[in-house]
$ cat start-v3.cif   # mmCIF, C-alpha atoms
data_protein
#
loop_
_atom_site.label_atom_id
_atom_site.label_comp_id
_atom_site.auth_asym_id
_atom_site.auth_seq_id
_atom_site.Cartn_x
_atom_site.Cartn_y
_atom_site.Cartn_z
CA MET A 19 0.00 0.00 0.00
CA VAL A 20 1.24 3.50 -0.87
CA VAL A 21 0.44 6.23 1.66
CA SER A 22 0.88 9.84 0.70
CA LEU A 23 2.25 11.99 3.53
CA SER A 24 2.13 15.78 3.42
CA ARG A 25 4.91 17.85 4.96
CA ARG A 26 2.16 19.59 6.95
CA GLY A 27 2.18 16.63 9.34
CA GLU A 28 5.79 17.37 10.22
CA VAL A 29 4.92 20.37 12.37
CA GLU A 30 6.18 20.34 15.95
CA PRO A 31 3.94 18.37 18.34
CA PHE A 32 1.81 20.28 20.82
CA HIS A 33 3.84 19.05 23.80
CA ALA A 34 1.25 20.07 26.40
CA MET A 35 -1.17 17.60 24.85
CA ASP A 36 1.51 14.89 24.74
CA VAL A 37 2.16 15.47 28.45
CA LEU A 38 -1.58 15.28 29.14
CA ALA A 39 -1.82 12.00 27.21
CA GLU A 40 1.01 10.47 29.27
CA ALA A 41 -0.57 11.75 32.49
CA ASN A 42 -3.85 10.09 31.48
CA ARG A 43 -2.01 6.81 30.82
CA LEU A 44 -0.55 6.93 34.33
CA LYS A 45 -3.98 7.72 35.81
CA ALA A 46 -5.43 4.70 33.96
CA LYS A 47 -2.91 2.58 35.86
CA GLY A 48 -4.21 3.95 39.17
CA ILE A 49 -1.39 6.47 39.73
CA GLN A 50 -2.51 9.72 41.32
CA VAL A 51 -1.21 12.42 38.97
CA VAL A 52 -1.60 16.14 39.63
CA SER A 53 -1.86 17.89 36.29
CA MET A 54 -0.60 21.44 35.81
CA ALA A 55 -0.02 20.83 32.12
CA VAL A 56 -3.01 22.19 30.24
CA GLY A 57 -5.06 25.35 30.55
CA GLN A 58 -8.30 23.66 31.53
CA PRO A 59 -10.48 24.90 34.39
CA SER A 60 -11.23 22.17 36.91
CA ASP A 61 -14.77 23.49 37.37
CA PRO A 62 -17.63 22.47 35.09
CA ALA A 63 -19.54 24.95 32.99
CA PRO A 64 -21.88 27.17 35.05
CA ALA A 65 -25.15 25.60 36.20
CA ARG A 66 -27.34 27.74 33.95
CA VAL A 67 -25.22 26.75 30.94
CA ARG A 68 -25.67 23.06 31.70
CA ASP A 69 -29.38 23.56 32.36
CA ALA A 70 -29.83 25.22 28.96
CA ALA A 71 -28.06 22.30 27.29
CA ALA A 72 -30.25 19.80 29.15
CA ARG A 73 -33.41 21.58 28.01
CA ALA A 74 -32.17 21.56 24.41
CA LEU A 75 -31.41 17.85 24.61
CA ALA A 76 -34.87 17.17 26.03
CA VAL A 77 -36.43 18.82 22.98
CA GLY A 78 -34.20 16.56 20.92
CA ARG A 79 -33.53 18.70 17.85
CA ILE A 80 -29.84 19.46 17.55
CA ASP A 81 -29.29 20.71 14.02
CA TYR A 82 -27.07 22.71 11.74
CA THR A 83 -27.21 26.44 12.33
CA ASP A 84 -26.15 29.35 10.18
CA THR A 85 -22.45 28.99 9.49
CA LEU A 86 -21.68 32.15 11.45
CA GLY A 87 -23.77 30.99 14.40
CA LEU A 88 -27.16 31.40 16.00
CA PRO A 89 -28.42 34.99 15.75
CA ALA A 90 -29.22 34.98 19.47
CA LEU A 91 -25.64 34.06 20.37
CA ARG A 92 -24.14 36.60 17.96
CA GLU A 93 -26.34 39.25 19.55
CA ALA A 94 -25.34 38.14 23.06
CA ILE A 95 -21.66 38.42 22.13
CA ALA A 96 -22.20 41.88 20.65
CA HIS A 97 -24.02 42.94 23.82
CA HIS A 98 -21.07 41.62 25.87
CA TYR A 99 -18.75 44.09 24.13
CA ALA A 100 -21.04 46.98 24.94
CA ASP A 101 -21.54 45.87 28.52
CA HIS A 102 -18.00 44.78 29.44
CA TYR A 103 -15.85 47.10 27.32
CA GLY A 104 -18.10 49.97 26.28
CA VAL A 105 -17.40 49.13 22.63
CA GLU A 106 -20.24 48.93 20.12
CA VAL A 107 -20.05 45.87 17.85
CA SER A 108 -22.62 44.90 15.24
CA PRO A 109 -23.78 41.27 15.58
CA GLU A 110 -23.17 40.96 11.83
CA ARG A 111 -19.44 41.23 12.51
CA VAL A 112 -19.50 38.28 14.95
CA ALA A 113 -18.63 34.79 13.73
CA VAL A 114 -19.25 31.94 16.17
CA THR A 115 -16.65 29.19 15.74
CA THR A 116 -15.87 25.64 16.86
CA GLY A 117 -13.59 26.83 19.63
CA SER A 118 -10.94 29.49 19.21
CA SER A 119 -8.86 26.88 17.35
CA ALA A 120 -11.27 27.03 14.42
CA ALA A 121 -11.22 30.82 14.64
CA PHE A 122 -7.45 30.87 14.17
CA ASN A 123 -7.72 28.48 11.22
CA LEU A 124 -10.33 30.72 9.60
CA ALA A 125 -8.40 33.90 10.30
CA PHE A 126 -5.17 32.58 8.81
CA LEU A 127 -6.93 31.14 5.76
CA ALA A 128 -8.97 34.26 5.08
CA MET A 129 -6.17 36.78 5.67
CA PHE A 130 -2.91 35.24 4.49
CA ASP A 131 -1.49 33.38 1.52
CA PRO A 132 1.45 30.94 1.53
CA GLY A 133 4.68 32.87 1.91
CA ASP A 134 3.14 35.82 3.77
CA ARG A 135 5.11 36.83 6.85
CA VAL A 136 3.22 36.99 10.17
CA ALA A 137 4.81 38.01 13.46
CA ILE A 138 4.16 36.41 16.84
CA ALA A 139 5.90 36.73 20.20
CA ALA A 140 8.27 34.11 21.57
CA PRO A 141 7.39 32.70 24.03
CA GLY A 142 3.87 32.26 22.69
CA TYR A 143 1.05 29.77 22.16
CA PRO A 144 2.45 26.95 19.98
CA ALA A 145 -0.68 26.43 17.87
CA TYR A 146 -0.16 29.84 16.25
CA ARG A 147 3.19 28.72 14.88
CA ASN A 148 2.13 25.19 14.05
CA ILE A 149 -1.07 26.07 12.17
CA MET A 150 0.58 28.82 10.15
CA ALA A 151 3.56 26.61 9.33
CA ALA A 152 1.19 23.88 8.10
CA LEU A 153 -0.50 26.47 5.86
CA GLY A 154 2.80 27.64 4.36
CA ILE A 155 2.75 31.01 6.12
CA GLU A 156 6.17 32.29 7.17
CA VAL A 157 6.16 32.68 10.94
CA VAL A 158 8.34 35.49 12.31
CA GLU A 159 8.99 34.77 15.98
CA ILE A 160 10.03 37.90 17.87
CA GLU A 161 12.11 36.91 20.89
CA LEU A 162 10.98 39.03 23.82
CA GLY A 163 14.07 38.44 25.95
CA THR A 164 13.52 40.31 29.21
CA ALA A 165 10.47 42.18 27.86
CA ALA A 166 7.10 41.04 29.20
CA TYR A 167 5.10 41.60 26.03
CA LEU A 168 5.27 42.46 22.34
CA ASP A 169 5.34 46.22 21.77
CA SER A 170 5.44 48.70 18.90
CA ALA A 171 9.25 48.86 18.88
CA HIS A 172 9.46 45.09 18.38
CA LEU A 173 7.01 45.36 15.49
CA ARG A 174 8.84 48.22 13.78
CA ALA A 175 12.15 46.39 14.01
CA ALA A 176 10.75 43.15 12.57
CA HIS A 177 8.97 45.00 9.76
CA ALA A 178 12.10 47.00 8.91
CA GLU A 179 14.07 43.80 8.49
CA LYS A 180 11.54 42.47 5.99
CA PRO A 181 7.92 43.63 5.57
CA LEU A 182 5.24 41.81 7.56
CA LYS A 183 1.74 40.99 6.37
CA GLY A 184 0.29 40.38 9.84
CA VAL A 185 0.87 40.33 13.58
CA LEU A 186 -0.80 38.17 16.20
CA PHE A 187 -0.55 38.85 19.92
CA ALA A 188 -2.35 37.79 23.10
CA SER A 189 -3.12 39.78 26.23
CA PRO A 190 -3.22 38.17 28.77
CA ALA A 191 -0.65 35.94 27.14
CA ASN A 192 -0.08 32.22 27.13
CA PRO A 193 2.34 31.03 28.57
CA THR A 194 3.46 34.09 30.48
CA GLY A 195 0.26 35.62 31.80
CA ALA A 196 1.58 39.06 30.79
CA VAL A 197 -0.94 41.82 30.07
CA ILE A 198 -0.16 44.57 27.56
CA PRO A 199 -0.92 47.93 29.24
CA GLU A 200 -3.60 49.99 27.50
CA VAL A 201 -1.20 52.70 26.29
CA GLU A 202 1.20 50.11 24.87
CA LEU A 203 -1.66 48.18 23.26
CA ALA A 204 -2.89 51.33 21.52
CA ALA A 205 0.65 52.06 20.31
CA LEU A 206 1.06 48.50 19.02
CA VAL A 207 -2.21 48.58 17.06
CA GLY A 208 -1.51 52.10 15.80
CA THR A 209 1.95 51.10 14.57
CA ALA A 210 0.53 48.07 12.79
CA GLU A 211 -2.06 50.20 11.01
CA GLU A 212 0.58 52.77 10.08
CA LEU A 213 2.78 50.05 8.55
CA GLY A 214 -0.09 48.27 6.80
CA ILE A 215 0.13 45.17 9.02
CA THR A 216 -3.03 43.16 9.70
CA VAL A 217 -3.79 42.73 13.43
CA ILE A 218 -5.19 39.64 15.18
CA SER A 219 -5.74 40.04 18.92
CA ASP A 220 -6.13 36.83 20.93
CA GLU A 221 -8.32 37.75 23.90
CA ILE A 222 -9.31 34.30 25.14
CA TYR A 223 -7.96 35.02 28.63
CA HIS A 224 -9.96 38.19 29.06
CA ARG A 225 -11.84 38.41 32.35
CA LEU A 226 -8.86 36.59 33.91
CA ALA A 227 -6.64 39.60 34.64
CA TYR A 228 -5.82 40.29 38.29
CA GLY A 229 -4.60 43.86 38.43
CA ALA A 230 -6.12 45.82 35.56
CA PRO A 231 -9.44 45.96 33.68
CA ASP A 232 -9.81 44.22 30.34
CA VAL A 233 -9.07 46.35 27.29
CA THR A 234 -10.04 45.04 23.88
CA ALA A 235 -8.02 45.91 20.79
CA LEU A 236 -11.33 46.38 18.97
CA GLY A 237 -11.53 49.90 20.31
CA MET A 238 -8.13 50.84 18.88
CA GLY A 239 -8.35 50.16 15.16
CA SER A 240 -10.97 49.56 12.51
CA GLY A 241 -9.09 46.66 10.89
CA VAL A 242 -8.52 44.59 14.04
CA THR A 243 -9.75 41.00 14.25
CA VAL A 244 -10.40 39.72 17.77
CA ILE A 245 -10.60 36.05 18.72
CA ASN A 246 -12.15 34.86 21.97
CA SER A 247 -13.56 31.67 23.46
CA PHE A 248 -15.92 30.28 26.08
CA SER A 249 -13.22 27.80 27.14
CA LYS A 250 -11.24 29.67 29.78
CA TYR A 251 -13.16 32.16 31.94
CA TYR A 252 -16.46 30.44 31.16
CA CYS A 253 -15.15 26.89 31.94
CA MET A 254 -16.41 25.42 28.65
CA THR A 255 -13.32 23.78 27.12
CA GLY A 256 -14.94 20.59 25.84
CA TRP A 257 -17.96 22.41 24.46
CA ARG A 258 -15.72 23.69 21.64
CA ILE A 259 -17.28 27.09 21.19
CA GLY A 260 -15.54 30.38 20.46
CA TRP A 261 -15.99 33.51 18.40
CA MET A 262 -14.38 36.13 16.19
CA VAL A 263 -15.17 39.81 15.73
CA LEU A 264 -14.20 40.72 12.18
CA PRO A 265 -13.81 43.81 10.04
CA ASP A 266 -16.80 44.05 7.69
CA GLU A 267 -14.79 43.06 4.63
CA LEU A 268 -13.68 39.77 6.23
CA VAL A 269 -17.10 38.50 7.31
CA ARG A 270 -18.12 36.95 3.99
CA PRO A 271 -14.68 35.40 3.22
CA VAL A 272 -14.63 33.78 6.67
CA GLU A 273 -18.19 32.56 6.17
CA ARG A 274 -17.38 31.01 2.79
CA ILE A 275 -14.37 29.12 4.17
CA ALA A 276 -16.24 28.02 7.31
CA GLN A 277 -19.12 26.65 5.23
CA SER A 278 -16.81 24.06 3.71
CA LEU A 279 -14.54 23.41 6.70
CA TYR A 280 -17.06 23.25 9.54
CA ILE A 281 -20.62 23.76 8.17
CA SER A 282 -21.54 25.32 11.52
CA PRO A 283 -20.52 25.30 15.17
CA PRO A 284 -22.37 22.73 17.33
CA GLU A 285 -25.88 23.99 18.07
CA LEU A 286 -26.03 22.46 21.56
CA SER A 287 -22.94 24.39 22.62
CA GLN A 288 -24.28 27.59 21.08
CA VAL A 289 -27.59 27.34 22.93
CA ALA A 290 -25.73 26.78 26.17
CA ALA A 291 -23.20 29.55 25.57
CA ILE A 292 -25.92 32.20 25.37
CA GLU A 293 -26.40 31.65 29.11
CA ALA A 294 -22.69 31.97 29.95
CA PHE A 295 -22.78 35.76 29.99
CA LYS A 296 -25.42 35.61 32.74
CA ALA A 297 -23.29 33.42 35.03
CA THR A 298 -20.81 36.05 36.21
CA SER A 299 -21.45 35.58 39.94
CA GLU A 300 -20.68 31.85 39.72
CA LEU A 301 -17.65 32.40 37.51
CA GLU A 302 -16.15 35.11 39.72
CA VAL A 303 -15.99 32.54 42.54
CA VAL A 304 -13.89 30.35 40.25
CA LYS A 305 -11.68 33.30 39.36
CA ALA A 306 -11.15 34.06 43.06
CA ARG A 307 -9.73 30.56 43.47
CA TYR A 308 -7.34 31.16 40.57
CA ALA A 309 -6.20 34.31 42.36
CA TRP A 310 -5.63 32.25 45.53
CA ASN A 311 -3.63 29.68 43.56
CA ARG A 312 -1.70 32.47 41.90
CA GLU A 313 -0.59 33.91 45.24
CA LEU A 314 0.56 30.46 46.34
CA LEU A 315 2.63 29.83 43.21
CA MET A 316 4.13 33.32 43.19
CA LYS A 317 5.51 32.60 46.65
CA ARG A 318 6.39 28.91 46.48
CA LEU A 319 7.88 28.44 43.00
CA PRO A 320 10.81 30.87 43.58
CA GLU A 321 11.43 29.17 46.93
CA LEU A 322 11.87 25.90 45.02
CA GLY A 323 14.47 27.40 42.71
CA LEU A 324 11.90 28.01 39.95
CA PRO A 325 11.89 31.80 39.60
CA LEU A 326 9.20 33.43 37.50
CA ALA A 327 10.35 34.25 33.99
CA ALA A 328 7.41 36.59 33.38
CA PRO A 329 4.75 38.45 35.37
CA MET A 330 1.59 36.53 36.28
CA ASP A 331 -0.75 39.42 35.49
CA GLY A 332 -3.51 37.32 33.93
CA ALA A 333 -4.63 33.92 32.62
CA PHE A 334 -3.77 31.00 34.96
CA TYR A 335 -0.14 30.21 34.18
CA ALA A 336 3.23 30.54 35.89
CA PHE A 337 6.12 30.60 33.42
CA CYS A 338 9.29 29.63 35.25
CA ASP A 339 13.03 29.56 34.67
CA VAL A 340 14.25 26.01 35.39
CA SER A 341 17.90 26.58 34.47
CA ARG A 342 19.01 26.10 38.09
CA HIS A 343 17.90 22.48 37.79
CA THR A 344 18.26 21.58 34.10
CA ASN A 345 19.17 22.75 30.63
CA ASP A 346 16.56 20.44 29.09
CA SER A 347 13.00 21.28 30.04
CA MET A 348 11.64 18.39 27.93
CA GLU A 349 13.56 15.85 30.02
CA PHE A 350 12.73 17.78 33.23
CA ALA A 351 9.00 17.55 32.41
CA ARG A 352 9.27 13.85 31.56
CA ARG A 353 11.08 13.02 34.81
CA MET A 354 8.82 15.18 36.98
CA LEU A 355 5.79 13.33 35.62
CA ALA A 356 7.34 9.87 35.89
CA GLU A 357 8.93 10.35 39.33
CA ALA A 358 6.90 13.05 41.13
CA HIS A 359 3.64 12.42 39.25
CA VAL A 360 3.19 16.13 38.52
CA ALA A 361 2.47 17.13 34.94
CA ALA A 362 3.61 20.48 33.56
CA THR A 363 4.51 21.74 30.10
CA PRO A 364 8.08 22.17 28.83
CA GLY A 365 9.00 25.58 27.49
CA ARG A 366 9.87 24.06 24.11
CA ASP A 367 6.16 24.32 23.29
CA PHE A 368 6.26 28.09 23.55
CA ASP A 369 9.74 28.99 22.39
CA PRO A 370 11.74 26.55 20.20
CA SER A 371 14.85 28.70 20.61
CA ALA A 372 15.03 29.41 24.36
CA GLY A 373 12.36 27.09 25.77
CA HIS A 374 14.84 24.50 27.02
CA ARG A 375 15.28 26.72 30.07
CA SER A 376 11.63 27.17 31.02
CA MET A 377 8.44 25.40 32.14
CA ARG A 378 4.78 26.42 32.28
CA PHE A 379 2.65 25.48 35.27
CA SER A 380 -1.13 25.86 35.01
CA TYR A 381 -2.90 26.84 38.23
CA ALA A 382 -6.44 26.32 36.91
CA GLY A 383 -6.96 23.31 39.19
CA SER A 384 -8.19 23.10 42.77
CA HIS A 385 -6.24 24.77 45.56
CA GLU A 386 -5.70 21.40 47.19
CA ASP A 387 -4.11 20.09 43.98
CA MET A 388 -1.79 23.11 43.83
CA VAL A 389 -0.64 22.55 47.42
CA GLU A 390 -0.08 18.85 46.74
CA ALA A 391 1.78 19.48 43.48
CA LEU A 392 4.18 21.93 45.11
CA ALA A 393 4.84 19.51 47.98
CA ARG A 394 5.63 16.73 45.51
CA ILE A 395 7.93 18.97 43.47
CA GLU A 396 9.76 20.05 46.62
CA ARG A 397 10.35 16.45 47.70
CA TRP A 398 11.41 15.46 44.19
CA LEU A 399 13.92 18.31 43.79
CA LYS A 400 15.53 17.39 47.12
#

$ encode --input "start-v3.cif" --output "structure tokens"
Amino acid sequence: MVVSLSRRGEVEPFHAMDVLAEANRLKAKGIQVVSMAVGQPSDPAPARVRDAAARALAVGRIDYTDTLGLPALREAIAHHYADHYGVEVSPERVAVTTGSSAAFNLAFLAMFDPGDRVAIAAPGYPAYRNIMAALGIEVVEIELGTAAYLDSAHLRAAHAEKPLKGVLFASPANPTGAVIPEVELAALVGTAEELGITVISDEIYHRLAYGAPDVTALGMGSGVTVINSFSKYYCMTGWRIGWMVLPDELVRPVERIAQSLYISPPELSQVAAIEAFKATSELEVVKARYAWNRELLMKRLPELGLPLAAPMDGAFYAFCDVSRHTNDSMEFARRMLAEAHVAATPGRDFDPSAGHRSMRFSYAGSHEDMVEALARIERWLK
């Protein structure tokens, strides 16, 4: 038998998912693993979200919807921008997607052609790099060094070296948790518009900042595309439901591509997600626990010789320098899982160049799990 293999399958693995798979294999053997590997809330979706899904299942009709999503959900998302940010967004500019992952696929396909150069920050979310590489887009990774976030000076320098077609950034960021201050965000978007660079703002960790209010890039430029998700703050990872807010001229191209790739997002998840915006009181309790976990990790990780490599301003991640213990974070992660039964993600996922010196720890789990994980790591390092 002859099997045709595309070079697209040669992209770097998503190591966080590989770590999760190994952790699940250990759990299947009865080993008690504490996972700090993936950005998944340990709480279920809010009660009213689950109740809405149960009612929809009882009716029994779960069908295709419009490719861009249920009108009621698109309107709820538009209302969220007015209510939370004070930014007016037409529901016609909202595209509901099968998680933010589908939104990134659609954005890259609708905006860029093979060979176009798109800048991202390093360290940064690995799926950006991997998806674009699979599509033949040239990924320009801007090493942040000691800087906490991508800024306008980084963008100018990268564009001066060779012109960029696009830039993608996240605030709060994965893996660092860094938040771009409002003034710097405005300067970054303004510089991109001045240079003719398309902007994609990943805002899936909004509502999970601990020291400053959320600021959306939508209010800073007419050509900005924003991607968000119900996975993180709203505790709906497995429901696979996200959204995009698009410039008018991108709505129809995204719709045409989505029609063939996805047909529509899952209706059950859409019906449930409408209720998520009404569950703030329940979700703020969850966020308060993240803040509690955050305080614990900010204190304990440096005491264990794992100093923070970036500020933990938002999201639910601690990005640590592990160079006091190893020069190979992949092996460090493998041994920590096998010997201490604590799963965390090697920095190689987020920065192929300098990630051998770093690790990401997710604190989205229970407080008891965080205490236990740190105790295990301490014993293991000794």

$ resolve_selection --input "start-v3.cif" --expression "the PyMOL selection byres ((chain A and resi 346) around 9)" --output "list in words"
Val340, Ser341, Thr344, Asn345, Ser347, Met348, Glu349, Phe350, Ala351, Pro364, Gly373, His374, Arg375 and Ser376 of chain A

$ resolve_selection --input "start-v3.cif" --expression "the PyMOL selection byres ((chain A and resi 212-217) around 12)" --output "VMD selection string"
chain A and resid 125 to 126 128 to 130 134 to 138 170 173 to 178 180 to 188 203 to 211 218 to 220 235 to 236 238 to 245 263 to 265 268

$ atom_distance --input "start-v3.cif" --atom1 "atom CA of A:Ser118" --atom2 "atom CA of A:Ala55"
19.0 Å

$ closest_residue --input "start-v3.cif" --among "A:Glu293, A:Glu302, A:Asp331, A:Glu396" --to "A:Ala196" --atoms "all atoms listed in the file"
A:Asp331

$ resolve_selection --input "start-v3.cif" --expression "the PyMOL selection byres ((chain A and resi 383) around 10)" --output "ChimeraX atom specification"
/A:52-54,56-61,304,307-308,311,334,380-382,384-388

$ closest_residue --input "start-v3.cif" --among "A:Arg397, A:Ala151, A:Leu279, A:Trp310" --to "A:Gly27" --atoms "only C-alpha atoms"
A:Ala151

$ atom_distance --input "start-v3.cif" --atom1 "atom CA of A:Ala276" --atom2 "atom CA of A:Leu86"
8.0 Å

$ build_atoms --input "start-v3.cif" --residues "stretch 204-231 of chain A" --atoms "N, CA and C atoms" --output "PDB file, in the coordinates of the input"
ATOM      1  N   ALA A 204      -2.484  50.336  22.526  1.00  0.00           N
ATOM      2  CA  ALA A 204      -2.890  51.330  21.520  1.00  0.00           C
ATOM      3  C   ALA A 204      -1.733  51.656  20.587  1.00  0.00           C
ATOM      4  N   ALA A 205      -0.522  51.760  21.139  1.00  0.00           N
ATOM      5  CA  ALA A 205       0.650  52.060  20.310  1.00  0.00           C
ATOM      6  C   ALA A 205       0.952  50.903  19.360  1.00  0.00           C
ATOM      7  N   LEU A 206       0.801  49.678  19.840  1.00  0.00           N
ATOM      8  CA  LEU A 206       1.060  48.500  19.020  1.00  0.00           C
ATOM      9  C   LEU A 206       0.082  48.428  17.845  1.00  0.00           C
ATOM     10  N   VAL A 207      -1.206  48.615  18.129  1.00  0.00           N
ATOM     11  CA  VAL A 207      -2.210  48.580  17.060  1.00  0.00           C
ATOM     12  C   VAL A 207      -2.018  49.747  16.105  1.00  0.00           C
ATOM     13  N   GLY A 208      -1.731  50.926  16.649  1.00  0.00           N
ATOM     14  CA  GLY A 208      -1.510  52.100  15.800  1.00  0.00           C
ATOM     15  C   GLY A 208      -0.317  51.929  14.880  1.00  0.00           C
ATOM     16  N   THR A 209       0.764  51.356  15.397  1.00  0.00           N
ATOM     17  CA  THR A 209       1.950  51.100  14.570  1.00  0.00           C
ATOM     18  C   THR A 209       1.649  50.108  13.469  1.00  0.00           C
ATOM     19  N   ALA A 210       0.903  49.057  13.811  1.00  0.00           N
ATOM     20  CA  ALA A 210       0.530  48.070  12.790  1.00  0.00           C
ATOM     21  C   ALA A 210      -0.278  48.714  11.677  1.00  0.00           C
ATOM     22  N   GLU A 211      -1.240  49.542  12.030  1.00  0.00           N
ATOM     23  CA  GLU A 211      -2.060  50.200  11.010  1.00  0.00           C
ATOM     24  C   GLU A 211      -1.221  51.143  10.158  1.00  0.00           C
ATOM     25  N   GLU A 212      -0.308  51.856  10.804  1.00  0.00           N
ATOM     26  CA  GLU A 212       0.580  52.770  10.080  1.00  0.00           C
ATOM     27  C   GLU A 212       1.434  52.022   9.049  1.00  0.00           C
ATOM     28  N   LEU A 213       1.892  50.822   9.411  1.00  0.00           N
ATOM     29  CA  LEU A 213       2.780  50.050   8.550  1.00  0.00           C
ATOM     30  C   LEU A 213       2.030  49.116   7.597  1.00  0.00           C
ATOM     31  N   GLY A 214       0.694  49.122   7.677  1.00  0.00           N
ATOM     32  CA  GLY A 214      -0.090  48.270   6.800  1.00  0.00           C
ATOM     33  C   GLY A 214      -0.057  46.802   7.195  1.00  0.00           C
ATOM     34  N   ILE A 215       0.044  46.537   8.494  1.00  0.00           N
ATOM     35  CA  ILE A 215       0.130  45.170   9.020  1.00  0.00           C
ATOM     36  C   ILE A 215      -1.228  44.783   9.614  1.00  0.00           C
ATOM     37  N   THR A 216      -1.762  43.660   9.182  1.00  0.00           N
ATOM     38  CA  THR A 216      -3.030  43.160   9.700  1.00  0.00           C
ATOM     39  C   THR A 216      -2.871  42.700  11.151  1.00  0.00           C
ATOM     40  N   VAL A 217      -3.862  43.030  12.003  1.00  0.00           N
ATOM     41  CA  VAL A 217      -3.790  42.730  13.430  1.00  0.00           C
ATOM     42  C   VAL A 217      -4.812  41.661  13.813  1.00  0.00           C
ATOM     43  N   ILE A 218      -4.319  40.623  14.519  1.00  0.00           N
ATOM     44  CA  ILE A 218      -5.190  39.640  15.180  1.00  0.00           C
ATOM     45  C   ILE A 218      -4.880  39.704  16.668  1.00  0.00           C
ATOM     46  N   SER A 219      -5.905  39.964  17.471  1.00  0.00           N
ATOM     47  CA  SER A 219      -5.740  40.040  18.920  1.00  0.00           C
ATOM     48  C   SER A 219      -6.422  38.840  19.566  1.00  0.00           C
ATOM     49  N   ASP A 220      -5.625  38.007  20.223  1.00  0.00           N
ATOM     50  CA  ASP A 220      -6.130  36.830  20.930  1.00  0.00           C
ATOM     51  C   ASP A 220      -6.520  37.282  22.344  1.00  0.00           C
ATOM     52  N   GLU A 221      -7.822  37.250  22.629  1.00  0.00           N
ATOM     53  CA  GLU A 221      -8.320  37.750  23.900  1.00  0.00           C
ATOM     54  C   GLU A 221      -9.035  36.657  24.697  1.00  0.00           C
ATOM     55  N   ILE A 222      -8.590  35.393  24.506  1.00  0.00           N
ATOM     56  CA  ILE A 222      -9.310  34.300  25.140  1.00  0.00           C
ATOM     57  C   ILE A 222      -9.117  34.251  26.657  1.00  0.00           C
ATOM     58  N   TYR A 223      -8.126  34.981  27.183  1.00  0.00           N
ATOM     59  CA  TYR A 223      -7.960  35.020  28.630  1.00  0.00           C
ATOM     60  C   TYR A 223      -8.506  36.309  29.237  1.00  0.00           C
ATOM     61  N   HIS A 224      -9.296  37.036  28.469  1.00  0.00           N
ATOM     62  CA  HIS A 224      -9.960  38.190  29.060  1.00  0.00           C
ATOM     63  C   HIS A 224     -10.904  37.740  30.171  1.00  0.00           C
ATOM     64  N   ARG A 225     -11.099  38.635  31.112  1.00  0.00           N
ATOM     65  CA  ARG A 225     -11.840  38.410  32.350  1.00  0.00           C
ATOM     66  C   ARG A 225     -11.032  37.577  33.346  1.00  0.00           C
ATOM     67  N   LEU A 226      -9.756  37.291  32.993  1.00  0.00           N
ATOM     68  CA  LEU A 226      -8.860  36.590  33.910  1.00  0.00           C
ATOM     69  C   LEU A 226      -7.596  37.411  34.147  1.00  0.00           C
ATOM     70  N   ALA A 227      -7.750  38.728  34.250  1.00  0.00           N
ATOM     71  CA  ALA A 227      -6.640  39.600  34.640  1.00  0.00           C
ATOM     72  C   ALA A 227      -6.845  39.974  36.105  1.00  0.00           C
ATOM     73  N   TYR A 228      -5.731  40.146  36.840  1.00  0.00           N
ATOM     74  CA  TYR A 228      -5.820  40.290  38.290  1.00  0.00           C
ATOM     75  C   TYR A 228      -5.480  41.688  38.804  1.00  0.00           C
ATOM     76  N   GLY A 229      -4.973  42.546  37.927  1.00  0.00           N
ATOM     77  CA  GLY A 229      -4.600  43.860  38.430  1.00  0.00           C
ATOM     78  C   GLY A 229      -5.074  45.020  37.583  1.00  0.00           C
ATOM     79  N   ALA A 230      -5.701  44.747  36.452  1.00  0.00           N
ATOM     80  CA  ALA A 230      -6.120  45.820  35.560  1.00  0.00           C
ATOM     81  C   ALA A 230      -7.387  45.385  34.826  1.00  0.00           C
ATOM     82  N   PRO A 231      -8.219  46.332  34.427  1.00  0.00           N
ATOM     83  CA  PRO A 231      -9.440  45.960  33.680  1.00  0.00           C
ATOM     84  C   PRO A 231      -9.091  45.481  32.283  1.00  0.00           C
TER      85      PRO A 231
END
